[in-house]
Every structure is written in C-alpha cells, then in structure tokens.
file model-v8.txt (compact mmCIF, C-alpha atoms and all ligand atoms)
# COMPACT_ATOMS: atom_id res chain seq x y z
CA MET J 1 -125.30 14.58 115.24
CA LYS J 2 -127.58 15.58 118.10
CA LYS J 3 -131.09 16.28 116.82
CA ILE J 4 -133.64 18.60 118.44
CA VAL J 5 -137.11 18.69 116.85
CA CYS J 6 -139.15 21.86 117.42
CA GLU J 7 -142.86 22.33 116.94
CA ASN J 8 -142.41 25.33 114.65
CA TYR J 9 -140.02 28.02 113.41
CA SER J 10 -140.44 30.28 116.47
CA GLU J 11 -139.46 27.44 118.81
CA LEU J 12 -136.49 26.64 116.60
CA CYS J 13 -135.26 30.23 116.90
CA ILE J 14 -135.61 30.19 120.71
CA ALA J 15 -133.74 26.86 120.96
CA ALA J 16 -130.94 28.20 118.73
CA ALA J 17 -130.72 31.45 120.73
CA ASP J 18 -130.45 29.38 123.94
CA LEU J 19 -127.38 27.65 122.49
CA PHE J 20 -125.82 31.02 121.59
CA GLU J 21 -126.59 32.28 125.10
CA ALA J 22 -125.02 29.20 126.72
CA GLN J 23 -121.91 29.53 124.53
CA LEU J 24 -121.51 33.19 125.43
CA ALA J 25 -122.01 32.48 129.16
CA LYS J 26 -119.35 29.76 128.99
CA LYS J 27 -116.90 31.93 127.02
CA PRO J 28 -117.62 35.66 126.63
CA THR J 29 -114.76 35.95 124.09
CA SER J 30 -116.34 33.30 121.83
CA VAL J 31 -115.81 33.37 118.09
CA PHE J 32 -119.12 32.82 116.26
CA GLY J 33 -119.42 31.67 112.67
CA LEU J 34 -122.58 33.20 111.22
CA ALA J 35 -124.85 32.46 108.27
CA THR J 36 -127.30 34.29 106.04
CA GLY J 37 -130.51 33.21 104.29
CA SER J 38 -134.04 33.43 105.64
CA THR J 39 -133.59 30.64 108.23
CA PRO J 40 -131.45 32.56 110.78
CA ILE J 41 -133.51 35.77 110.63
CA GLY J 42 -135.73 34.80 113.60
CA LEU J 43 -132.68 33.72 115.60
CA TYR J 44 -131.02 37.08 114.94
CA GLU J 45 -134.22 38.84 116.08
CA GLU J 46 -134.21 36.81 119.28
CA LEU J 47 -130.50 37.53 119.92
CA SER J 48 -131.08 41.26 119.32
CA LYS J 49 -133.96 41.15 121.82
CA ARG J 50 -131.85 39.39 124.46
CA VAL J 51 -129.03 41.93 123.99
CA ASN J 52 -131.54 44.74 124.27
CA ASP J 53 -132.95 43.22 127.47
CA GLY J 54 -129.42 43.01 128.92
CA LYS J 55 -129.44 39.19 128.94
CA MET J 56 -126.58 38.81 126.47
CA ASP J 57 -123.49 40.86 125.73
CA PHE J 58 -121.39 40.17 122.62
CA SER J 59 -118.93 43.00 123.28
CA ASN J 60 -116.02 40.58 123.79
CA ALA J 61 -117.10 38.15 121.06
CA LYS J 62 -116.12 38.04 117.39
CA ALA J 63 -118.12 37.09 114.30
CA PHE J 64 -117.04 35.59 110.99
CA ASN J 65 -119.60 35.08 108.25
CA LEU J 66 -119.60 32.04 106.03
CA ASP J 67 -119.85 33.67 102.65
CA GLU J 68 -120.54 36.63 100.39
CA TYR J 69 -121.63 37.02 96.80
CA TYR J 70 -118.89 37.99 94.36
CA PRO J 71 -118.69 40.49 92.91
CA ILE J 72 -121.04 42.65 94.94
CA ASN J 73 -120.90 46.09 96.48
CA PRO J 74 -121.34 45.86 100.28
CA THR J 75 -124.00 48.58 100.10
CA HIS J 76 -126.13 46.46 97.72
CA PRO J 77 -129.29 45.43 99.63
CA GLN J 78 -128.70 41.80 98.62
CA SER J 79 -125.09 41.69 99.76
CA TYR J 80 -124.57 39.54 102.83
CA LYS J 81 -122.75 42.48 104.43
CA TYR J 82 -125.95 44.52 104.11
CA PHE J 83 -128.05 41.58 105.34
CA MET J 84 -125.91 41.09 108.45
CA ASP J 85 -125.85 44.81 109.29
CA GLU J 86 -129.64 45.03 108.96
CA ASN J 87 -130.49 41.83 110.80
CA LEU J 88 -127.83 41.67 113.50
CA PHE J 89 -124.71 43.82 113.51
CA ASN J 90 -126.54 47.15 113.83
CA LYS J 91 -128.34 45.77 116.89
CA VAL J 92 -125.73 43.59 118.58
CA ASN J 93 -122.43 44.82 119.98
CA PHE J 94 -119.75 42.41 118.66
CA ALA J 95 -116.08 43.27 119.33
CA SER J 96 -115.49 42.66 115.64
CA THR J 97 -117.41 41.37 112.63
CA ASN J 98 -115.95 39.86 109.46
CA ILE J 99 -117.43 39.03 106.06
CA PRO J 100 -115.47 38.14 102.92
CA ASN J 101 -115.02 41.28 100.83
CA GLY J 102 -117.31 41.00 97.80
CA GLU J 103 -115.44 43.82 96.08
CA THR J 104 -111.92 42.52 96.35
CA THR J 105 -109.78 42.73 93.22
CA ASN J 106 -107.76 39.73 94.42
CA PRO J 107 -110.15 36.95 95.53
CA SER J 108 -107.45 34.39 96.26
CA ALA J 109 -105.56 36.77 98.57
CA GLU J 110 -108.86 37.78 100.22
CA CYS J 111 -109.72 34.10 100.86
CA ALA J 112 -106.28 33.31 102.31
CA GLU J 113 -106.45 36.38 104.56
CA TYR J 114 -109.94 35.38 105.72
CA ASP J 115 -108.79 31.91 106.80
CA SER J 116 -105.78 33.34 108.53
CA ALA J 117 -107.94 35.92 110.39
CA ILE J 118 -110.14 33.07 111.68
CA LYS J 119 -107.05 31.20 112.91
CA THR J 120 -105.62 34.34 114.53
CA ALA J 121 -108.93 34.82 116.36
CA GLY J 122 -108.46 31.34 117.84
CA GLY J 123 -110.83 29.41 115.52
CA ILE J 124 -114.61 29.26 115.57
CA ASP J 125 -116.31 28.13 118.78
CA LEU J 126 -119.87 27.92 117.46
CA GLN J 127 -120.59 27.78 113.73
CA LEU J 128 -124.16 28.47 112.64
CA LEU J 129 -125.27 26.86 109.37
CA GLY J 130 -128.39 26.89 107.25
CA ILE J 131 -128.80 24.52 104.33
CA GLY J 132 -129.66 25.02 100.68
CA VAL J 133 -132.44 22.93 99.09
CA ASN J 134 -129.65 21.20 97.17
CA GLY J 135 -127.76 20.47 100.41
CA HIS J 136 -125.20 23.24 100.11
CA ILE J 137 -123.68 24.75 103.24
CA GLY J 138 -122.27 28.25 102.99
CA PHE J 139 -121.86 28.27 99.22
CA ASN J 140 -120.23 24.83 99.04
CA GLU J 141 -122.30 23.54 96.17
CA PRO J 142 -122.81 19.87 95.20
CA ASP J 143 -119.75 18.88 93.17
CA THR J 144 -117.27 16.07 92.66
CA THR J 145 -114.55 17.88 94.62
CA TYR J 146 -114.78 20.22 97.62
CA SER J 147 -112.42 22.99 98.68
CA ILE J 148 -110.83 22.87 102.10
CA ASN J 149 -110.11 26.60 102.38
CA THR J 150 -112.14 29.72 101.79
CA ASN J 151 -112.51 30.01 98.03
CA LEU J 152 -114.17 31.65 95.07
CA THR J 153 -116.91 29.34 93.80
CA LYS J 154 -119.42 29.15 90.99
CA LEU J 155 -123.08 28.99 92.06
CA THR J 156 -125.24 26.20 90.67
CA GLU J 157 -128.39 26.85 88.65
CA SER J 158 -130.44 25.46 91.55
CA THR J 159 -128.97 28.00 94.00
CA LEU J 160 -129.28 30.84 91.50
CA GLU J 161 -132.93 29.93 91.07
CA ALA J 162 -133.58 29.56 94.83
CA ASN J 163 -131.99 32.96 95.55
CA SER J 164 -133.35 34.80 92.48
CA ARG J 165 -136.43 35.80 94.55
CA PHE J 166 -134.20 38.38 96.29
CA PHE J 167 -132.96 40.12 93.13
CA ASP J 168 -135.43 42.40 91.31
CA ASP J 169 -133.08 42.59 88.34
CA PRO J 170 -131.72 39.13 87.35
CA ASN J 171 -128.68 40.84 85.76
CA GLU J 172 -127.65 42.03 89.20
CA GLN J 173 -127.52 38.52 90.67
CA PRO J 174 -123.87 37.43 91.02
CA ARG J 175 -123.10 33.97 89.65
CA THR J 176 -120.08 33.41 91.91
CA ALA J 177 -119.38 33.77 95.63
CA LEU J 178 -116.63 33.67 98.23
CA THR J 179 -117.27 30.93 100.76
CA MET J 180 -115.57 29.29 103.69
CA GLY J 181 -114.52 25.78 102.66
CA PHE J 182 -115.08 22.51 104.46
CA GLY J 183 -111.79 22.79 106.36
CA SER J 184 -112.71 26.19 107.76
CA ILE J 185 -116.21 24.96 108.71
CA PHE J 186 -115.05 21.65 110.14
CA ALA J 187 -112.45 23.35 112.35
CA ALA J 188 -115.34 24.80 114.38
CA LYS J 189 -115.60 23.26 117.84
CA HIS J 190 -119.40 23.08 117.68
CA ILE J 191 -121.66 23.32 114.62
CA LEU J 192 -125.30 24.37 114.88
CA LEU J 193 -127.32 23.40 111.81
CA LEU J 194 -130.80 24.88 111.42
CA ILE J 195 -133.34 23.32 109.06
CA SER J 196 -136.81 24.81 108.70
CA GLY J 197 -139.73 24.40 106.32
CA GLY J 198 -141.30 21.74 104.13
CA ASN J 199 -139.07 22.61 101.16
CA LYS J 200 -136.10 21.29 103.18
CA ALA J 201 -137.75 17.96 104.14
CA GLU J 202 -136.20 16.07 101.23
CA VAL J 203 -132.65 17.20 101.93
CA ALA J 204 -133.17 16.60 105.68
CA ARG J 205 -134.26 13.03 104.92
CA LYS J 206 -130.93 12.45 103.15
CA LEU J 207 -129.08 13.47 106.33
CA PHE J 208 -131.13 11.08 108.42
CA GLU J 209 -130.06 8.14 106.25
CA GLY J 210 -126.75 8.40 108.11
CA LYS J 211 -124.75 8.10 104.88
CA ILE J 212 -122.39 10.45 103.10
CA HIS J 213 -124.01 11.48 99.83
CA THR J 214 -121.18 13.01 97.84
CA ASP J 215 -123.71 15.21 96.01
CA VAL J 216 -125.20 16.52 99.29
CA PRO J 217 -122.48 18.70 100.87
CA ALA J 218 -124.30 18.92 104.23
CA SER J 219 -124.08 15.13 104.62
CA PHE J 220 -120.33 15.55 105.34
CA LEU J 221 -121.44 17.11 108.63
CA LEU J 222 -122.21 13.58 109.79
CA LEU J 223 -118.43 13.20 110.18
CA HIS J 224 -118.04 16.15 112.56
CA PRO J 225 -117.92 15.09 116.24
CA ASN J 226 -120.03 17.94 117.61
CA VAL J 227 -123.02 18.97 115.49
CA THR J 228 -126.39 20.00 116.88
CA LEU J 229 -129.25 19.96 114.39
CA ILE J 230 -132.33 21.98 115.28
CA ILE J 231 -135.17 21.21 112.89
CA ASP J 232 -138.83 22.14 112.83
CA LYS J 233 -141.65 19.66 112.28
CA ASP J 234 -142.29 20.76 108.69
CA ALA J 235 -138.72 19.91 107.69
CA ASN J 236 -138.69 16.75 109.80
CA GLU J 237 -141.59 15.15 107.90
CA ASN J 238 -140.58 11.72 106.68
C1 LIG B 301 -127.76 30.85 100.90
C2 LIG B 301 -126.58 30.85 101.89
C3 LIG B 301 -126.58 29.66 102.79
C4 LIG B 301 -127.96 29.40 103.32
C5 LIG B 301 -128.90 29.12 102.18
C6 LIG B 301 -130.30 28.74 102.60
O1 LIG B 301 -127.51 30.27 99.67
N1 LIG B 301 -125.32 30.94 101.22
O2 LIG B 301 -125.64 29.87 103.83
O3 LIG B 301 -127.95 28.33 104.23
O4 LIG B 301 -128.95 30.30 101.40
O5 LIG B 301 -131.11 29.85 102.72
P1 LIG B 301 -132.57 29.86 103.33
O6 LIG B 301 -132.39 29.80 104.80
O7 LIG B 301 -133.15 31.17 102.87
O8 LIG B 301 -133.28 28.68 102.77
call {"tool": "encode", "arguments": {"input": "model-v8.txt", "output": "structure tokens"}}
result
Amino acid sequence: MKKIVCENYSELCIAAADLFEAQLAKKPTSVFGLATGSTPIGLYEELSKRVNDGKMDFSNAKAFNLDEYYPINPTHPQSYKYFMDENLFNKVNFASTNIPNGETTNPSAECAEYDSAIKTAGGIDLQLLGIGVNGHIGFNEPDTTYSINTNLTKLTESTLEANSRFFDDPNEQPRTALTMGFGSIFAAKHILLLISGGNKAEVARKLFEGKIHTDVPASFLLLHPNVTLIIDKDANEN
C-alpha cells in the first residue's frame, strides 16, 4: 500500500483529483469505481472544476458506484443515486453511470447483473474507496464471512448510527444495502483509498499495523497489489 500524507482535507482532494486526471490521461475510456460519504465530496468538487475548466473530459469514461441503500427510491435525497447526481454526475460528462438499483424487486438478479455489467465494461481501472469508522468499505461490514460478489447486506448498528445524521426521520433510514463485494472491489486494477479526519485515526492505525484484522474489512486491502492511500494529518495521528 502506497501512502501519501496530506496536510489537510483540501490537499487530500487535490492529490486524489491528480490521480483521477492521470488515469484519464493514460486511458480516456477508463472505468471508474466511485464512492459516496462525506470524504469524496471535495474530490468531486475538484473534478467538476477541472471538467468545467476543460482540463478533464470523462465523455469516454464509465462509472460504477460501490453501493446503494435498499430499499430506497432514487429520488430520495439520501439515496446514493441522488448524492452522485448532485455531487458529480450532473456536472461531469461520463459516457455512462451505474448505481445498484435501490428499488429492485429482485435484489439477487440486480446484483448479478451489476457484476456482469462491470465485467462487460472491461473491469474497473481505478476504484475510489472511503472507509467507515468500523473499517467497512462500500457496505462490506465487519463480519465472520465476506461476500465475493455484489450482494444484499444488513447494515451494522455502528453504520446505522454513523449515517443516521443524514436521515431526519429515523424510520426512513434503510437497514440493508446493495454493495459490491470483495471480489468486485479487488478486481480493480488500482484502488484509491481516502481517509480523512480524527474520527478515522483509530481505524487507520489498524491498517498501519500491516496485519489482516478479520473484523476490519479495509485491512484486506493490504493484500491488493496496487492500493494508494491518501490520508490527511488528522487521520494519520498515531
Ligand atoms: C458509507 C459508504 C461508504 C463510505 C462510508 C464513510 O457508509 N457506504 O462507502 O466510505 O460511508 O463515509 P464518510 O466519508 O462520510 O465517513
């Protein structure tokens, strides 16, 4: 895992955008794996700015998002579809964008189709990841077993609590989600993991131990041959 430490969140976003720009310059038809959460928001702002300034052009690139709440209507302001439209897709000209369908009546068929669409697109070139305070990536929650393929998963109390700040009405917060599995994530040629903020320092420390913690899903990333971690000083506190 290659580690880049940034002074603050703004620098982290610039460094991450530089990697996106380099990937796009190398391969304009790149397939990007994208993430939600507050961490990538500044990166998406920076990418939108660079597209607006004519420095980047995603018109031949494709996007696949990691996950979506289930069930959720895509027009719900807390759906990841809504989040991506607001923060990136309405501003950046991808050839195609894909997010698991939070309204599907057949989750297992939806998940299988999602994995096969990623394969048909040629696999993910650059996969962006954030991290949950409990070490989850996408919605792969700490567990004793982990799914390889995209799957319907139950959210842990810790994740429900961390994400409850976004739902005015707790009854509207879905308790399950569709998420890419470890196989789908690990098939990416390059993984970019972003960690920002003091509340992530503890989970970051676990990664730096250089051990697989079976209850910290992100620690499996230590086994991937091409991961770049960009972390800000607050999260890098030891
Ligand atoms: C959600 C997403 C993850 C994301 C995590 C962290 O649960 N499913 O993909 O990494 O939140 O979010 P934040 O960046 O807001 O801490």
call {"tool": "closest_residue", "arguments": {"input": "model-v8.txt", "among": "J:Val203, J:Val133, J:Ile118, J:Ile99", "to": "ligand LIG 301 (chain B)", "atoms": "all atoms listed in the file"}}
result
J:Val133
call {"tool": "closest_atom_pairs", "arguments": {"input": "model-v8.txt", "of": "chain J", "to": "ligand LIG 301 (chain B)", "cutoff": "9 Å", "atoms": "all atoms listed in the file", "output": "CSV"}}
result
residue,atom,partner,partner_atom,distance
J:Leu34,CA,B:LIG301,O2,8.7
J:Ala35,CA,B:LIG301,O2,5.2
J:Thr36,CA,B:LIG301,O2,5.2
J:Gly37,CA,B:LIG301,O7,3.6
J:Ser38,CA,B:LIG301,O7,3.7
J:Thr39,CA,B:LIG301,O6,3.7
J:Pro40,CA,B:LIG301,O6,6.7
J:Ile41,CA,B:LIG301,O6,8.4
J:Leu66,CA,B:LIG301,O2,6.8
J:Asp67,CA,B:LIG301,N1,6.3
J:Glu68,CA,B:LIG301,N1,7.5
J:Tyr69,CA,B:LIG301,N1,8.4
J:Tyr80,CA,B:LIG301,N1,8.8
J:Leu129,CA,B:LIG301,O3,6.0
J:Gly130,CA,B:LIG301,O3,3.4
J:Ile131,CA,B:LIG301,O3,3.9
J:Gly132,CA,B:LIG301,C6,4.2
J:Val133,CA,B:LIG301,O8,6.9
J:Gly135,CA,B:LIG301,O3,8.7
J:His136,CA,B:LIG301,C3,7.1
J:Ile137,CA,B:LIG301,O2,5.5
J:Gly138,CA,B:LIG301,O2,3.8
J:Phe139,CA,B:LIG301,N1,4.8
J:Asn140,CA,B:LIG301,N1,8.2
J:Leu155,CA,B:LIG301,O1,8.9
J:Thr159,CA,B:LIG301,O1,6.3
J:Leu160,CA,B:LIG301,O1,8.4
J:Ala162,CA,B:LIG301,O1,7.8
J:Asn163,CA,B:LIG301,O1,6.7
J:Ala177,CA,B:LIG301,N1,8.6
J:Thr179,CA,B:LIG301,N1,8.1
J:Leu194,CA,B:LIG301,O6,8.4
J:Ile195,CA,B:LIG301,O6,7.8
J:Ser196,CA,B:LIG301,O6,7.7
J:Gly197,CA,B:LIG301,O8,8.5
J:Asn199,CA,B:LIG301,O8,8.5
J:Lys200,CA,B:LIG301,O8,7.9
call {"tool": "closest_residue", "arguments": {"input": "model-v8.txt", "among": "J:Glu202, J:Glu161, J:Glu141, J:Asp215", "to": "Phe182 (chain J)", "atoms": "all atoms listed in the file"}}
result
J:Glu141
call {"tool": "residues_near_point", "arguments": {"input": "model-v8.txt", "point": "(-117.8, 32.8, 113.1)", "cutoff": "10 Å", "atoms": "all atoms listed in the file", "output": "list in words"}}
result
Ser30, Val31, Phe32, Gly33, Leu34, Ala35, Ala61, Lys62, Ala63, Phe64, Asn65, Leu66, Thr97, Asn98, Ile99, Ile118, Ala121, Gly123, Ile124, Asp125, Leu126, Gln127, Leu128, Ser184, Ile185 and Ala188 of chain J
call {"tool": "axis_aligned_box", "arguments": {"input": "model-v8.txt", "around": "region 147-159 of chain J", "padding_each_side": "3 Å", "output": "AutoDock Vina command-line options"}}
result
--center_x -120.3 --center_y 27.3 --center_z 95.5 --size_x 26.3 --size_y 14.8 --size_z 19.7
call {"tool": "residues_around", "arguments": {"input": "model-v8.txt", "residues": "Val5 (chain J)", "least_positions_apart": "5", "cutoff": "12 Å", "atoms": "all atoms listed in the file", "output": "list in words"}}
result
Glu11, Leu12, Cys13, Ala15, Ala16, Leu193, Leu194, Ile195, Ser196, Thr228, Leu229, Ile230, Ile231, Asp232, Lys233, Asp234, Ala235, Asn236 and Glu237 of chain J
call {"tool": "closest_residue", "arguments": {"input": "model-v8.txt", "among": "J:Lys154, J:Lys119, J:Lys55, J:His76", "to": "Ala25 (chain J)", "atoms": "all atoms listed in the file"}}
result
J:Lys55
call {"tool": "atom_distance", "arguments": {"input": "model-v8.txt", "atom1": "CA of Thr29 (chain J)", "atom2": "CA of Ser96 (chain J)"}}
result
10.8 Å
call {"tool": "decode", "arguments": {"input": "model-v8.txt", "residues": "region 19-62 of chain J", "atoms": "N, CA and C atoms", "output": "PDB file, in the first residue's frame"}}
result
ATOM      1  N   LEU J  19      -4.720  12.008  -9.281  1.00  0.00           N
ATOM      2  CA  LEU J  19      -4.685  10.588  -9.686  1.00  0.00           C
ATOM      3  C   LEU J  19      -5.776  10.280 -10.717  1.00  0.00           C
ATOM      4  N   PHE J  20      -6.964  10.855 -10.506  1.00  0.00           N
ATOM      5  CA  PHE J  20      -8.042  10.688 -11.488  1.00  0.00           C
ATOM      6  C   PHE J  20      -7.616  11.277 -12.838  1.00  0.00           C
ATOM      7  N   GLU J  21      -6.985  12.458 -12.769  1.00  0.00           N
ATOM      8  CA  GLU J  21      -6.587  13.132 -14.015  1.00  0.00           C
ATOM      9  C   GLU J  21      -5.538  12.292 -14.756  1.00  0.00           C
ATOM     10  N   ALA J  22      -4.583  11.747 -14.005  1.00  0.00           N
ATOM     11  CA  ALA J  22      -3.531  10.925 -14.621  1.00  0.00           C
ATOM     12  C   ALA J  22      -4.141   9.660 -15.239  1.00  0.00           C
ATOM     13  N   GLN J  23      -5.090   9.053 -14.540  1.00  0.00           N
ATOM     14  CA  GLN J  23      -5.739   7.841 -15.061  1.00  0.00           C
ATOM     15  C   GLN J  23      -6.476   8.143 -16.368  1.00  0.00           C
ATOM     16  N   LEU J  24      -7.175   9.259 -16.377  1.00  0.00           N
ATOM     17  CA  LEU J  24      -7.948   9.636 -17.566  1.00  0.00           C
ATOM     18  C   LEU J  24      -7.029   9.986 -18.735  1.00  0.00           C
ATOM     19  N   ALA J  25      -5.889  10.624 -18.438  1.00  0.00           N
ATOM     20  CA  ALA J  25      -4.936  10.977 -19.499  1.00  0.00           C
ATOM     21  C   ALA J  25      -4.345   9.702 -20.108  1.00  0.00           C
ATOM     22  N   LYS J  26      -4.080   8.724 -19.223  1.00  0.00           N
ATOM     23  CA  LYS J  26      -3.489   7.457 -19.673  1.00  0.00           C
ATOM     24  C   LYS J  26      -4.506   6.656 -20.498  1.00  0.00           C
ATOM     25  N   LYS J  27      -5.774   6.685 -20.067  1.00  0.00           N
ATOM     26  CA  LYS J  27      -6.809   5.878 -20.725  1.00  0.00           C
ATOM     27  C   LYS J  27      -8.143   6.632 -20.686  1.00  0.00           C
ATOM     28  N   PRO J  28      -8.466   7.367 -21.739  1.00  0.00           N
ATOM     29  CA  PRO J  28      -9.706   8.154 -21.743  1.00  0.00           C
ATOM     30  C   PRO J  28     -10.968   7.308 -21.591  1.00  0.00           C
ATOM     31  N   THR J  29     -10.875   6.008 -21.914  1.00  0.00           N
ATOM     32  CA  THR J  29     -12.064   5.136 -21.780  1.00  0.00           C
ATOM     33  C   THR J  29     -12.079   4.417 -20.426  1.00  0.00           C
ATOM     34  N   SER J  30     -11.366   4.960 -19.448  1.00  0.00           N
ATOM     35  CA  SER J  30     -11.269   4.306 -18.132  1.00  0.00           C
ATOM     36  C   SER J  30     -12.633   4.020 -17.514  1.00  0.00           C
ATOM     37  N   VAL J  31     -12.647   2.945 -16.716  1.00  0.00           N
ATOM     38  CA  VAL J  31     -13.826   2.625 -15.913  1.00  0.00           C
ATOM     39  C   VAL J  31     -13.478   2.985 -14.469  1.00  0.00           C
ATOM     40  N   PHE J  32     -14.260   3.903 -13.894  1.00  0.00           N
ATOM     41  CA  PHE J  32     -14.006   4.365 -12.523  1.00  0.00           C
ATOM     42  C   PHE J  32     -15.020   3.733 -11.577  1.00  0.00           C
ATOM     43  N   GLY J  33     -14.541   3.247 -10.451  1.00  0.00           N
ATOM     44  CA  GLY J  33     -15.412   2.797  -9.377  1.00  0.00           C
ATOM     45  C   GLY J  33     -15.529   3.976  -8.409  1.00  0.00           C
ATOM     46  N   LEU J  34     -16.754   4.354  -8.080  1.00  0.00           N
ATOM     47  CA  LEU J  34     -16.923   5.570  -7.267  1.00  0.00           C
ATOM     48  C   LEU J  34     -17.587   5.271  -5.928  1.00  0.00           C
ATOM     49  N   ALA J  35     -17.397   6.204  -4.997  1.00  0.00           N
ATOM     50  CA  ALA J  35     -17.868   6.006  -3.620  1.00  0.00           C
ATOM     51  C   ALA J  35     -18.705   7.208  -3.175  1.00  0.00           C
ATOM     52  N   THR J  36     -19.451   6.992  -2.117  1.00  0.00           N
ATOM     53  CA  THR J  36     -20.241   8.083  -1.526  1.00  0.00           C
ATOM     54  C   THR J  36     -19.689   8.393  -0.129  1.00  0.00           C
ATOM     55  N   GLY J  37     -20.471   9.092   0.680  1.00  0.00           N
ATOM     56  CA  GLY J  37     -19.990   9.510   2.001  1.00  0.00           C
ATOM     57  C   GLY J  37     -19.464  10.935   1.898  1.00  0.00           C
ATOM     58  N   SER J  38     -19.113  11.511   3.045  1.00  0.00           N
ATOM     59  CA  SER J  38     -18.650  12.914   3.009  1.00  0.00           C
ATOM     60  C   SER J  38     -17.225  13.031   2.478  1.00  0.00           C
ATOM     61  N   THR J  39     -16.411  11.985   2.638  1.00  0.00           N
ATOM     62  CA  THR J  39     -14.994  12.079   2.246  1.00  0.00           C
ATOM     63  C   THR J  39     -14.772  12.458   0.774  1.00  0.00           C
ATOM     64  N   PRO J  40     -15.477  11.837  -0.193  1.00  0.00           N
ATOM     65  CA  PRO J  40     -15.159  12.192  -1.589  1.00  0.00           C
ATOM     66  C   PRO J  40     -15.785  13.490  -2.091  1.00  0.00           C
ATOM     67  N   ILE J  41     -16.565  14.185  -1.258  1.00  0.00           N
ATOM     68  CA  ILE J  41     -17.278  15.369  -1.764  1.00  0.00           C
ATOM     69  C   ILE J  41     -16.308  16.419  -2.328  1.00  0.00           C
ATOM     70  N   GLY J  42     -15.217  16.697  -1.609  1.00  0.00           N
ATOM     71  CA  GLY J  42     -14.245  17.699  -2.071  1.00  0.00           C
ATOM     72  C   GLY J  42     -13.539  17.263  -3.346  1.00  0.00           C
ATOM     73  N   LEU J  43     -13.296  15.958  -3.466  1.00  0.00           N
ATOM     74  CA  LEU J  43     -12.695  15.415  -4.691  1.00  0.00           C
ATOM     75  C   LEU J  43     -13.653  15.638  -5.862  1.00  0.00           C
ATOM     76  N   TYR J  44     -14.940  15.343  -5.636  1.00  0.00           N
ATOM     77  CA  TYR J  44     -15.917  15.510  -6.717  1.00  0.00           C
ATOM     78  C   TYR J  44     -16.023  16.989  -7.113  1.00  0.00           C
ATOM     79  N   GLU J  45     -15.904  17.882  -6.139  1.00  0.00           N
ATOM     80  CA  GLU J  45     -15.925  19.329  -6.462  1.00  0.00           C
ATOM     81  C   GLU J  45     -14.745  19.678  -7.351  1.00  0.00           C
ATOM     82  N   GLU J  46     -13.574  19.143  -6.973  1.00  0.00           N
ATOM     83  CA  GLU J  46     -12.350  19.431  -7.729  1.00  0.00           C
ATOM     84  C   GLU J  46     -12.447  18.859  -9.152  1.00  0.00           C
ATOM     85  N   LEU J  47     -12.991  17.645  -9.285  1.00  0.00           N
ATOM     86  CA  LEU J  47     -13.133  17.049 -10.620  1.00  0.00           C
ATOM     87  C   LEU J  47     -14.105  17.882 -11.460  1.00  0.00           C
ATOM     88  N   SER J  48     -15.197  18.323 -10.843  1.00  0.00           N
ATOM     89  CA  SER J  48     -16.189  19.134 -11.566  1.00  0.00           C
ATOM     90  C   SER J  48     -15.534  20.418 -12.059  1.00  0.00           C
ATOM     91  N   LYS J  49     -14.686  21.007 -11.213  1.00  0.00           N
ATOM     92  CA  LYS J  49     -13.988  22.244 -11.570  1.00  0.00           C
ATOM     93  C   LYS J  49     -13.051  21.991 -12.762  1.00  0.00           C
ATOM     94  N   ARG J  50     -12.304  20.897 -12.689  1.00  0.00           N
ATOM     95  CA  ARG J  50     -11.350  20.611 -13.778  1.00  0.00           C
ATOM     96  C   ARG J  50     -12.081  20.323 -15.092  1.00  0.00           C
ATOM     97  N   VAL J  51     -13.252  19.683 -15.007  1.00  0.00           N
ATOM     98  CA  VAL J  51     -14.044  19.435 -16.227  1.00  0.00           C
ATOM     99  C   VAL J  51     -14.532  20.777 -16.768  1.00  0.00           C
ATOM    100  N   ASN J  52     -15.010  21.608 -15.858  1.00  0.00           N
ATOM    101  CA  ASN J  52     -15.512  22.927 -16.257  1.00  0.00           C
ATOM    102  C   ASN J  52     -14.428  23.787 -16.894  1.00  0.00           C
ATOM    103  N   ASP J  53     -13.196  23.633 -16.394  1.00  0.00           N
ATOM    104  CA  ASP J  53     -12.071  24.408 -16.941  1.00  0.00           C
ATOM    105  C   ASP J  53     -11.487  23.760 -18.202  1.00  0.00           C
ATOM    106  N   GLY J  54     -12.075  22.664 -18.638  1.00  0.00           N
ATOM    107  CA  GLY J  54     -11.609  21.987 -19.858  1.00  0.00           C
ATOM    108  C   GLY J  54     -10.344  21.165 -19.655  1.00  0.00           C
ATOM    109  N   LYS J  55      -9.971  20.905 -18.380  1.00  0.00           N
ATOM    110  CA  LYS J  55      -8.742  20.131 -18.130  1.00  0.00           C
ATOM    111  C   LYS J  55      -9.000  18.629 -18.158  1.00  0.00           C
ATOM    112  N   MET J  56     -10.231  18.240 -17.922  1.00  0.00           N
ATOM    113  CA  MET J  56     -10.563  16.811 -17.915  1.00  0.00           C
ATOM    114  C   MET J  56     -11.845  16.593 -18.715  1.00  0.00           C
ATOM    115  N   ASP J  57     -11.929  15.396 -19.305  1.00  0.00           N
ATOM    116  CA  ASP J  57     -13.108  15.087 -20.110  1.00  0.00           C
ATOM    117  C   ASP J  57     -13.451  13.609 -19.885  1.00  0.00           C
ATOM    118  N   PHE J  58     -14.572  13.370 -19.217  1.00  0.00           N
ATOM    119  CA  PHE J  58     -14.974  11.998 -18.885  1.00  0.00           C
ATOM    120  C   PHE J  58     -15.913  11.396 -19.941  1.00  0.00           C
ATOM    121  N   SER J  59     -16.027  12.051 -21.105  1.00  0.00           N
ATOM    122  CA  SER J  59     -17.095  11.643 -22.032  1.00  0.00           C
ATOM    123  C   SER J  59     -16.888  10.245 -22.618  1.00  0.00           C
ATOM    124  N   ASN J  60     -15.681   9.691 -22.493  1.00  0.00           N
ATOM    125  CA  ASN J  60     -15.480   8.313 -22.956  1.00  0.00           C
ATOM    126  C   ASN J  60     -15.308   7.348 -21.784  1.00  0.00           C
ATOM    127  N   ALA J  61     -15.468   7.852 -20.570  1.00  0.00           N
ATOM    128  CA  ALA J  61     -15.243   7.033 -19.367  1.00  0.00           C
ATOM    129  C   ALA J  61     -16.573   6.552 -18.785  1.00  0.00           C
ATOM    130  N   LYS J  62     -16.488   5.476 -18.009  1.00  0.00           N
ATOM    131  CA  LYS J  62     -17.699   4.920 -17.378  1.00  0.00           C
ATOM    132  C   LYS J  62     -17.547   4.934 -15.864  1.00  0.00           C
TER     133      LYS J  62
END
